[in-house]
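Engineer: Here you go, this is final-v2.cif (mmCIF, N, CA and C atoms).
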data_target
loop_
_atom_site.label_atom_id
_atom_site.label_comp_id
_atom_site.auth_asym_id
_atom_site.auth_seq_id
_atom_site.Cartn_x
_atom_site.Cartn_y
_atom_site.Cartn_z
N TYR A 1 -0.19 -25.95 -3.82
CA TYR A 1 -0.05 -26.63 -5.08
C TYR A 1 -0.27 -28.11 -4.88
N TRP A 2 -0.39 -28.85 -5.96
CA TRP A 2 -0.68 -30.28 -5.90
C TRP A 2 0.36 -31.06 -6.68
N THR A 3 0.81 -32.17 -6.10
CA THR A 3 1.70 -33.08 -6.82
C THR A 3 1.13 -34.49 -6.71
N PRO A 4 1.40 -35.35 -7.69
CA PRO A 4 0.90 -36.73 -7.61
C PRO A 4 1.49 -37.48 -6.41
N GLU A 5 2.73 -37.14 -6.03
CA GLU A 5 3.38 -37.86 -4.92
C GLU A 5 2.84 -37.45 -3.56
N THR A 6 2.62 -36.16 -3.36
CA THR A 6 2.24 -35.69 -2.02
C THR A 6 0.82 -35.17 -1.92
N GLY A 7 0.14 -35.03 -3.05
CA GLY A 7 -1.19 -34.46 -3.03
C GLY A 7 -1.10 -32.95 -2.85
N MET A 8 -2.04 -32.39 -2.11
CA MET A 8 -2.08 -30.95 -1.90
C MET A 8 -0.98 -30.54 -0.91
N VAL A 9 -0.19 -29.55 -1.29
CA VAL A 9 0.90 -29.06 -0.46
C VAL A 9 0.68 -27.57 -0.22
N CYS A 10 0.70 -27.20 1.04
CA CYS A 10 0.57 -25.79 1.41
C CYS A 10 1.96 -25.16 1.36
N TYR A 11 2.18 -24.26 0.41
CA TYR A 11 3.51 -23.66 0.25
C TYR A 11 3.72 -22.47 1.16
N TYR A 12 2.67 -21.92 1.73
CA TYR A 12 2.78 -20.78 2.63
C TYR A 12 2.04 -21.10 3.90
N ASN A 13 2.76 -21.21 4.99
CA ASN A 13 2.15 -21.64 6.24
C ASN A 13 2.69 -20.80 7.40
N PRO A 14 2.34 -19.53 7.46
CA PRO A 14 2.88 -18.65 8.51
C PRO A 14 2.27 -18.95 9.89
N ASP A 15 3.00 -18.54 10.91
CA ASP A 15 2.52 -18.76 12.28
C ASP A 15 1.13 -18.19 12.51
N TRP A 16 0.86 -16.99 11.99
CA TRP A 16 -0.43 -16.35 12.26
C TRP A 16 -1.59 -17.13 11.65
N LEU A 17 -1.31 -17.97 10.66
CA LEU A 17 -2.36 -18.77 10.03
C LEU A 17 -2.60 -20.07 10.80
N ARG A 18 -1.54 -20.60 11.40
CA ARG A 18 -1.63 -21.89 12.08
C ARG A 18 -2.03 -21.79 13.55
N LYS A 19 -1.69 -20.69 14.20
CA LYS A 19 -1.88 -20.59 15.64
C LYS A 19 -2.98 -19.59 15.97
N ASP A 20 -4.00 -20.08 16.67
CA ASP A 20 -5.11 -19.21 17.06
C ASP A 20 -4.66 -18.13 18.05
N ASP A 21 -3.64 -18.43 18.83
CA ASP A 21 -3.20 -17.49 19.85
C ASP A 21 -1.99 -16.67 19.41
N TYR A 22 -1.74 -16.57 18.11
CA TYR A 22 -0.60 -15.83 17.59
C TYR A 22 -0.76 -14.34 17.91
N ALA A 23 0.15 -13.81 18.70
CA ALA A 23 0.10 -12.39 19.06
C ALA A 23 1.49 -11.94 19.48
N PRO A 24 2.40 -11.76 18.52
CA PRO A 24 3.77 -11.38 18.89
C PRO A 24 3.85 -10.04 19.59
N TRP A 25 2.86 -9.19 19.40
CA TRP A 25 2.85 -7.88 20.05
C TRP A 25 2.67 -8.00 21.55
N ASP A 26 2.23 -9.18 22.02
CA ASP A 26 2.08 -9.41 23.46
C ASP A 26 3.36 -9.94 24.09
N GLU A 27 4.34 -10.30 23.27
CA GLU A 27 5.58 -10.86 23.80
C GLU A 27 6.41 -9.77 24.49
N GLU A 28 7.00 -10.14 25.60
CA GLU A 28 7.86 -9.21 26.31
C GLU A 28 9.07 -8.88 25.43
N GLY A 29 9.42 -7.64 25.38
CA GLY A 29 10.55 -7.23 24.57
C GLY A 29 10.19 -6.92 23.13
N HIS A 30 8.95 -7.12 22.74
CA HIS A 30 8.52 -6.80 21.37
C HIS A 30 8.00 -5.36 21.36
N HIS A 31 8.82 -4.47 20.85
CA HIS A 31 8.45 -3.06 20.80
C HIS A 31 8.66 -2.54 19.39
N VAL A 32 7.66 -1.92 18.86
CA VAL A 32 7.74 -1.32 17.53
C VAL A 32 7.31 0.13 17.69
N THR A 33 8.13 1.03 17.18
CA THR A 33 7.81 2.45 17.31
C THR A 33 6.95 2.91 16.13
N ASP A 34 6.32 4.04 16.30
CA ASP A 34 5.54 4.62 15.21
C ASP A 34 6.42 4.89 14.00
N ASP A 35 7.63 5.35 14.24
CA ASP A 35 8.55 5.63 13.13
C ASP A 35 8.92 4.36 12.36
N GLU A 36 9.08 3.25 13.06
CA GLU A 36 9.38 1.98 12.39
C GLU A 36 8.21 1.53 11.52
N ILE A 37 6.99 1.74 12.00
CA ILE A 37 5.80 1.39 11.21
C ILE A 37 5.72 2.28 9.98
N ARG A 38 5.92 3.59 10.16
CA ARG A 38 5.90 4.51 9.02
C ARG A 38 6.96 4.14 7.99
N ASP A 39 8.15 3.84 8.46
CA ASP A 39 9.25 3.49 7.56
C ASP A 39 8.94 2.21 6.79
N ALA A 40 8.44 1.19 7.47
CA ALA A 40 8.10 -0.07 6.80
C ALA A 40 6.99 0.14 5.78
N PHE A 41 6.01 0.96 6.13
CA PHE A 41 4.91 1.24 5.20
C PHE A 41 5.42 1.98 3.96
N SER A 42 6.25 2.99 4.18
CA SER A 42 6.81 3.74 3.05
C SER A 42 7.64 2.85 2.14
N LYS A 43 8.43 1.98 2.72
CA LYS A 43 9.22 1.04 1.92
C LYS A 43 8.32 0.12 1.11
N ALA A 44 7.22 -0.32 1.70
CA ALA A 44 6.28 -1.20 0.98
C ALA A 44 5.63 -0.47 -0.19
N VAL A 45 5.27 0.79 0.02
CA VAL A 45 4.67 1.59 -1.06
C VAL A 45 5.68 1.78 -2.18
N LYS A 46 6.89 2.19 -1.83
CA LYS A 46 7.91 2.45 -2.85
C LYS A 46 8.27 1.18 -3.62
N LYS A 47 8.31 0.05 -2.92
CA LYS A 47 8.67 -1.23 -3.55
C LYS A 47 7.69 -1.58 -4.67
N ARG A 48 6.44 -1.15 -4.52
CA ARG A 48 5.42 -1.52 -5.50
C ARG A 48 5.25 -0.49 -6.63
N MET A 49 6.11 0.50 -6.63
CA MET A 49 6.06 1.52 -7.68
C MET A 49 6.87 1.06 -8.89
N MET A 50 6.34 0.07 -9.59
CA MET A 50 7.00 -0.44 -10.79
C MET A 50 6.00 -0.38 -11.92
N ALA A 51 6.34 0.32 -12.98
CA ALA A 51 5.43 0.40 -14.12
C ALA A 51 6.20 0.82 -15.35
N ASP A 52 5.75 0.35 -16.50
CA ASP A 52 6.36 0.79 -17.75
C ASP A 52 5.48 1.83 -18.43
N VAL A 53 4.45 2.26 -17.73
CA VAL A 53 3.59 3.35 -18.17
C VAL A 53 3.45 4.32 -17.01
N ASP A 54 2.86 5.48 -17.26
CA ASP A 54 2.70 6.47 -16.20
C ASP A 54 1.77 5.96 -15.10
N TYR A 55 1.98 6.46 -13.90
CA TYR A 55 1.16 6.07 -12.76
C TYR A 55 -0.18 6.80 -12.79
N GLY A 56 -1.16 6.18 -12.20
CA GLY A 56 -2.43 6.79 -11.90
C GLY A 56 -2.82 6.26 -10.54
N PHE A 57 -3.77 6.90 -9.89
CA PHE A 57 -4.15 6.45 -8.56
C PHE A 57 -5.66 6.40 -8.44
N PHE A 58 -6.17 5.24 -8.00
CA PHE A 58 -7.59 5.08 -7.77
C PHE A 58 -7.88 5.34 -6.30
N LEU A 59 -8.68 6.36 -6.02
CA LEU A 59 -9.06 6.70 -4.65
C LEU A 59 -10.50 6.29 -4.41
N SER A 60 -10.69 5.49 -3.37
CA SER A 60 -12.06 5.09 -3.03
C SER A 60 -12.71 6.11 -2.12
N GLY A 61 -11.92 6.95 -1.51
CA GLY A 61 -12.44 7.89 -0.52
C GLY A 61 -12.28 7.36 0.89
N GLY A 62 -11.82 6.10 1.00
CA GLY A 62 -11.59 5.51 2.31
C GLY A 62 -10.22 5.85 2.85
N VAL A 63 -10.01 5.51 4.09
CA VAL A 63 -8.76 5.82 4.77
C VAL A 63 -7.58 5.12 4.08
N ASP A 64 -7.74 3.86 3.70
CA ASP A 64 -6.62 3.09 3.13
C ASP A 64 -6.04 3.75 1.89
N SER A 65 -6.89 4.03 0.91
CA SER A 65 -6.37 4.59 -0.34
C SER A 65 -5.82 6.00 -0.11
N CYS A 66 -6.39 6.73 0.81
CA CYS A 66 -5.88 8.08 1.09
C CYS A 66 -4.51 8.03 1.74
N ILE A 67 -4.28 7.09 2.64
CA ILE A 67 -2.97 6.96 3.28
C ILE A 67 -1.92 6.54 2.26
N VAL A 68 -2.26 5.57 1.41
CA VAL A 68 -1.31 5.13 0.39
C VAL A 68 -1.00 6.29 -0.56
N ALA A 69 -2.02 7.02 -0.99
CA ALA A 69 -1.82 8.15 -1.91
C ALA A 69 -0.92 9.20 -1.26
N HIS A 70 -1.15 9.50 -0.01
CA HIS A 70 -0.34 10.49 0.70
C HIS A 70 1.12 10.06 0.77
N ASP A 71 1.35 8.78 1.00
CA ASP A 71 2.71 8.27 1.10
C ASP A 71 3.37 8.14 -0.27
N LEU A 72 2.59 7.82 -1.30
CA LEU A 72 3.13 7.62 -2.63
C LEU A 72 3.52 8.92 -3.32
N LEU A 73 2.83 9.99 -3.03
CA LEU A 73 3.02 11.24 -3.76
C LEU A 73 4.46 11.76 -3.78
N PRO A 74 5.17 11.80 -2.65
CA PRO A 74 6.56 12.27 -2.72
C PRO A 74 7.45 11.40 -3.61
N PHE A 75 7.23 10.07 -3.57
CA PHE A 75 8.00 9.17 -4.42
C PHE A 75 7.69 9.43 -5.89
N TYR A 76 6.42 9.64 -6.19
CA TYR A 76 5.99 9.91 -7.56
C TYR A 76 6.64 11.19 -8.07
N ARG A 77 6.58 12.23 -7.26
CA ARG A 77 7.16 13.52 -7.68
C ARG A 77 8.67 13.41 -7.89
N GLU A 78 9.33 12.69 -7.03
CA GLU A 78 10.77 12.49 -7.16
C GLU A 78 11.10 11.77 -8.48
N GLU A 79 10.33 10.73 -8.79
CA GLU A 79 10.54 10.01 -10.05
C GLU A 79 10.24 10.89 -11.26
N ARG A 80 9.17 11.68 -11.19
CA ARG A 80 8.82 12.58 -12.31
C ARG A 80 9.94 13.59 -12.56
N ARG A 81 10.44 14.19 -11.48
CA ARG A 81 11.51 15.17 -11.64
C ARG A 81 12.76 14.53 -12.26
N ALA A 82 13.12 13.34 -11.79
CA ALA A 82 14.32 12.67 -12.29
C ALA A 82 14.15 12.24 -13.75
N ALA A 83 12.98 11.73 -14.11
CA ALA A 83 12.78 11.18 -15.45
C ALA A 83 12.40 12.25 -16.48
N PHE A 84 11.57 13.21 -16.08
CA PHE A 84 11.01 14.16 -17.05
C PHE A 84 11.28 15.62 -16.73
N GLY A 85 11.81 15.89 -15.55
CA GLY A 85 12.11 17.26 -15.17
C GLY A 85 10.89 18.09 -14.83
N ASP A 86 9.75 17.45 -14.59
CA ASP A 86 8.55 18.20 -14.21
C ASP A 86 7.97 17.67 -12.92
N ASP A 87 6.94 18.30 -12.46
CA ASP A 87 6.32 17.95 -11.19
C ASP A 87 4.80 17.92 -11.34
N ARG A 88 4.35 17.35 -12.45
CA ARG A 88 2.91 17.37 -12.68
C ARG A 88 2.20 16.47 -11.67
N PRO A 89 0.95 16.77 -11.36
CA PRO A 89 0.22 15.97 -10.38
C PRO A 89 -0.02 14.54 -10.87
N ILE A 90 -0.16 13.65 -9.93
CA ILE A 90 -0.47 12.27 -10.27
C ILE A 90 -1.93 12.20 -10.71
N PRO A 91 -2.23 11.55 -11.83
CA PRO A 91 -3.62 11.42 -12.25
C PRO A 91 -4.39 10.56 -11.24
N THR A 92 -5.54 11.03 -10.83
CA THR A 92 -6.35 10.30 -9.85
C THR A 92 -7.72 10.01 -10.42
N PHE A 93 -8.30 8.91 -9.94
CA PHE A 93 -9.60 8.46 -10.43
C PHE A 93 -10.43 7.97 -9.26
N THR A 94 -11.73 8.08 -9.40
CA THR A 94 -12.65 7.50 -8.43
C THR A 94 -13.94 7.15 -9.17
N VAL A 95 -14.71 6.25 -8.58
CA VAL A 95 -15.97 5.83 -9.17
C VAL A 95 -17.03 5.91 -8.09
N GLY A 96 -18.18 6.46 -8.43
CA GLY A 96 -19.26 6.51 -7.46
C GLY A 96 -20.36 7.44 -7.92
N MET A 97 -21.37 7.53 -7.11
CA MET A 97 -22.50 8.41 -7.42
C MET A 97 -22.10 9.85 -7.10
N GLU A 98 -22.52 10.76 -7.93
CA GLU A 98 -22.18 12.16 -7.76
C GLU A 98 -22.55 12.65 -6.36
N ASN A 99 -21.61 13.33 -5.72
CA ASN A 99 -21.78 13.91 -4.38
C ASN A 99 -21.97 12.88 -3.27
N SER A 100 -21.68 11.61 -3.53
CA SER A 100 -21.76 10.62 -2.46
C SER A 100 -20.61 10.88 -1.48
N PRO A 101 -20.72 10.42 -0.23
CA PRO A 101 -19.66 10.67 0.75
C PRO A 101 -18.29 10.16 0.30
N ASP A 102 -18.25 8.99 -0.33
CA ASP A 102 -16.95 8.46 -0.78
C ASP A 102 -16.34 9.32 -1.87
N VAL A 103 -17.15 9.73 -2.82
CA VAL A 103 -16.65 10.57 -3.92
C VAL A 103 -16.19 11.91 -3.38
N MET A 104 -16.94 12.47 -2.45
CA MET A 104 -16.55 13.76 -1.87
C MET A 104 -15.26 13.63 -1.06
N ALA A 105 -15.10 12.51 -0.34
CA ALA A 105 -13.86 12.30 0.42
C ALA A 105 -12.68 12.13 -0.53
N ALA A 106 -12.88 11.40 -1.62
CA ALA A 106 -11.81 11.23 -2.62
C ALA A 106 -11.45 12.58 -3.25
N LYS A 107 -12.46 13.38 -3.56
CA LYS A 107 -12.22 14.70 -4.14
C LYS A 107 -11.42 15.58 -3.16
N GLY A 108 -11.78 15.53 -1.90
CA GLY A 108 -11.04 16.29 -0.88
C GLY A 108 -9.59 15.84 -0.78
N MET A 109 -9.37 14.55 -0.90
CA MET A 109 -8.00 14.04 -0.82
C MET A 109 -7.19 14.47 -2.04
N VAL A 110 -7.81 14.45 -3.21
CA VAL A 110 -7.13 14.90 -4.43
C VAL A 110 -6.72 16.36 -4.28
N GLU A 111 -7.64 17.17 -3.79
CA GLU A 111 -7.33 18.59 -3.61
C GLU A 111 -6.21 18.79 -2.60
N ALA A 112 -6.22 18.02 -1.52
CA ALA A 112 -5.18 18.13 -0.48
C ALA A 112 -3.82 17.71 -1.03
N LEU A 113 -3.81 16.75 -1.94
CA LEU A 113 -2.55 16.27 -2.50
C LEU A 113 -2.09 17.08 -3.72
N GLY A 114 -2.96 17.95 -4.19
CA GLY A 114 -2.61 18.71 -5.39
C GLY A 114 -2.71 17.87 -6.65
N GLY A 115 -3.58 16.88 -6.64
CA GLY A 115 -3.74 15.97 -7.77
C GLY A 115 -4.65 16.53 -8.84
N SER A 116 -4.91 15.68 -9.83
CA SER A 116 -5.78 16.11 -10.93
C SER A 116 -6.85 15.06 -11.19
#
Can the structure from this file be put into structure tokens for me?

Structural biologist:
Amino acid sequence: YWTPETGMVCYYNPDWLRKDDYAPWDEEGHHVTDDEIRDAFSKAVKKRMMADVDYGFFLSGGVDSCIVAHDLLPFYREERRAAFGDDRPIPTFTVGMENSPDVMAAKGMVEALGGS
């Protein structure tokens, strides 16, 4: 942001942005388990599940959207059961040329998740 007194002020200045050699994973005693990563990821997905309308999911067919969709689905179903007493599939969407690899991968992921 900018102020007349100080000019441009960087409000976010993390170590990884300032230091070229930032690599905490190389530090002795820094150990993160697969379960800790999964737990942190799941918490991040659940934290962002805020909406005043029904959820939908955009799948690109790439690994990222498929992993998020896989992790989000149990949370979605739990919320649906609590709020509406049903377990309908999460609406999913994708954009692309018919039968392209990305569209086919997204379609496969929808089928694996039981989506619509």

Engineer: Can you tell me how far atom N of Val53 in chain A sits from CA of Glu111 in chain A, in Å to one decimal?

Structural biologist: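 Computing it gives 24.6 Å between the two atoms.
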
Engineer: When DSSP works through the backbone of this structure, what residues of chain A end up as strand (DSSP E or B), shown as number ranges by chain?

Structural biologist: A: 2-3, 7-8, 57-58, 92-93

Engineer: I need the residue nearest Phe57 in chain A from this list: A:Asp35, A:Phe93, A:Trp16, A:Arg77. Use only N, CA and C atoms for the distance.

Structural biologist: A:Phe93

Engineer: What residues have an atom no more than 7 Å from (-5.0, 6.5, -4.5) in the file's own frame, counting all atoms listed in the file, and can you write them as number ranges by chain?

Structural biologist: A: 56-60, 65-66, 68-70, 92-93

Engineer: Here's the selection I'm unsure about, the PyMOL selection byres ((chain A and resi 90) around 7); applied to the file above, which residues does it give, as a tab-separated table (two decimals) with N, CA and C atoms, in the coordinates of the input?

Structural biologist:
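Everything below was put into result13.tsv:
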chain	number	residue	atom	x	y	z
A	55	TYR	N	1.98	6.46	-13.90
A	55	TYR	CA	1.16	6.07	-12.76
A	55	TYR	C	-0.18	6.80	-12.79
A	56	GLY	N	-1.16	6.18	-12.20
A	56	GLY	CA	-2.43	6.79	-11.90
A	56	GLY	C	-2.82	6.26	-10.54
A	57	PHE	N	-3.77	6.90	-9.89
A	57	PHE	CA	-4.15	6.45	-8.56
A	57	PHE	C	-5.66	6.40	-8.44
A	87	ASP	N	6.94	18.30	-12.46
A	87	ASP	CA	6.32	17.95	-11.19
A	87	ASP	C	4.80	17.92	-11.34
A	88	ARG	N	4.35	17.35	-12.45
A	88	ARG	CA	2.91	17.37	-12.68
A	88	ARG	C	2.20	16.47	-11.67
A	89	PRO	N	0.95	16.77	-11.36
A	89	PRO	CA	0.22	15.97	-10.38
A	89	PRO	C	-0.02	14.54	-10.87
A	91	PRO	N	-2.23	11.55	-11.83
A	91	PRO	CA	-3.62	11.42	-12.25
A	91	PRO	C	-4.39	10.56	-11.24
A	92	THR	N	-5.54	11.03	-10.83
A	92	THR	CA	-6.35	10.30	-9.85
A	92	THR	C	-7.72	10.01	-10.42
A	114	GLY	N	-2.96	17.95	-4.19
A	114	GLY	CA	-2.61	18.71	-5.39
A	114	GLY	C	-2.71	17.87	-6.65
A	115	GLY	N	-3.58	16.88	-6.64
A	115	GLY	CA	-3.74	15.97	-7.77
A	115	GLY	C	-4.65	16.53	-8.84
A	116	SER	N	-4.91	15.68	-9.83
A	116	SER	CA	-5.78	16.11	-10.93
A	116	SER	C	-6.85	15.06	-11.19

Engineer: How many Å separate CA of Lys43 in chain A from atom N of Gly108 in chain A?

Structural biologist: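 Atom N of Gly108 in chain A lies 25.8 Å from CA of Lys43 in chain A.
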
Engineer: What is the distance between CA of Asp21 in chain A and CA of Ala44 in chain A, in Å to one decimal?

Structural biologist: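 The value is 26.7 Å.
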
Engineer: Apply DSSP to the backbone of this structure and, from range 24-116 of chain A, keep only the residues in helix (DSSP H, G or I); write these as a PyMOL selection string.

Structural biologist: chain A and resi 24-26+34-47+63-84+101-113

Engineer: Please define a box with edges along x, y and z of the file around all atoms of range 103-115 of chain A given in the file, extend it by 3 Å on each side, and return its centre and edge lengths in Å to one decimal, as JSON.

Structural biologist:
{"center_x": -9.6, "center_y": 14.3, "center_z": -4.2, "size_x": 21.1, "size_y": 15.1, "size_z": 15.3}

Engineer: Tell me, as a ChimeraX atom specification, which residues lie within 8 Å of Pro101 in chain A, counting only C-alpha atoms; anything in the same chain fewer than 3 positions away does not count.

Structural biologist: /A:61,104-105
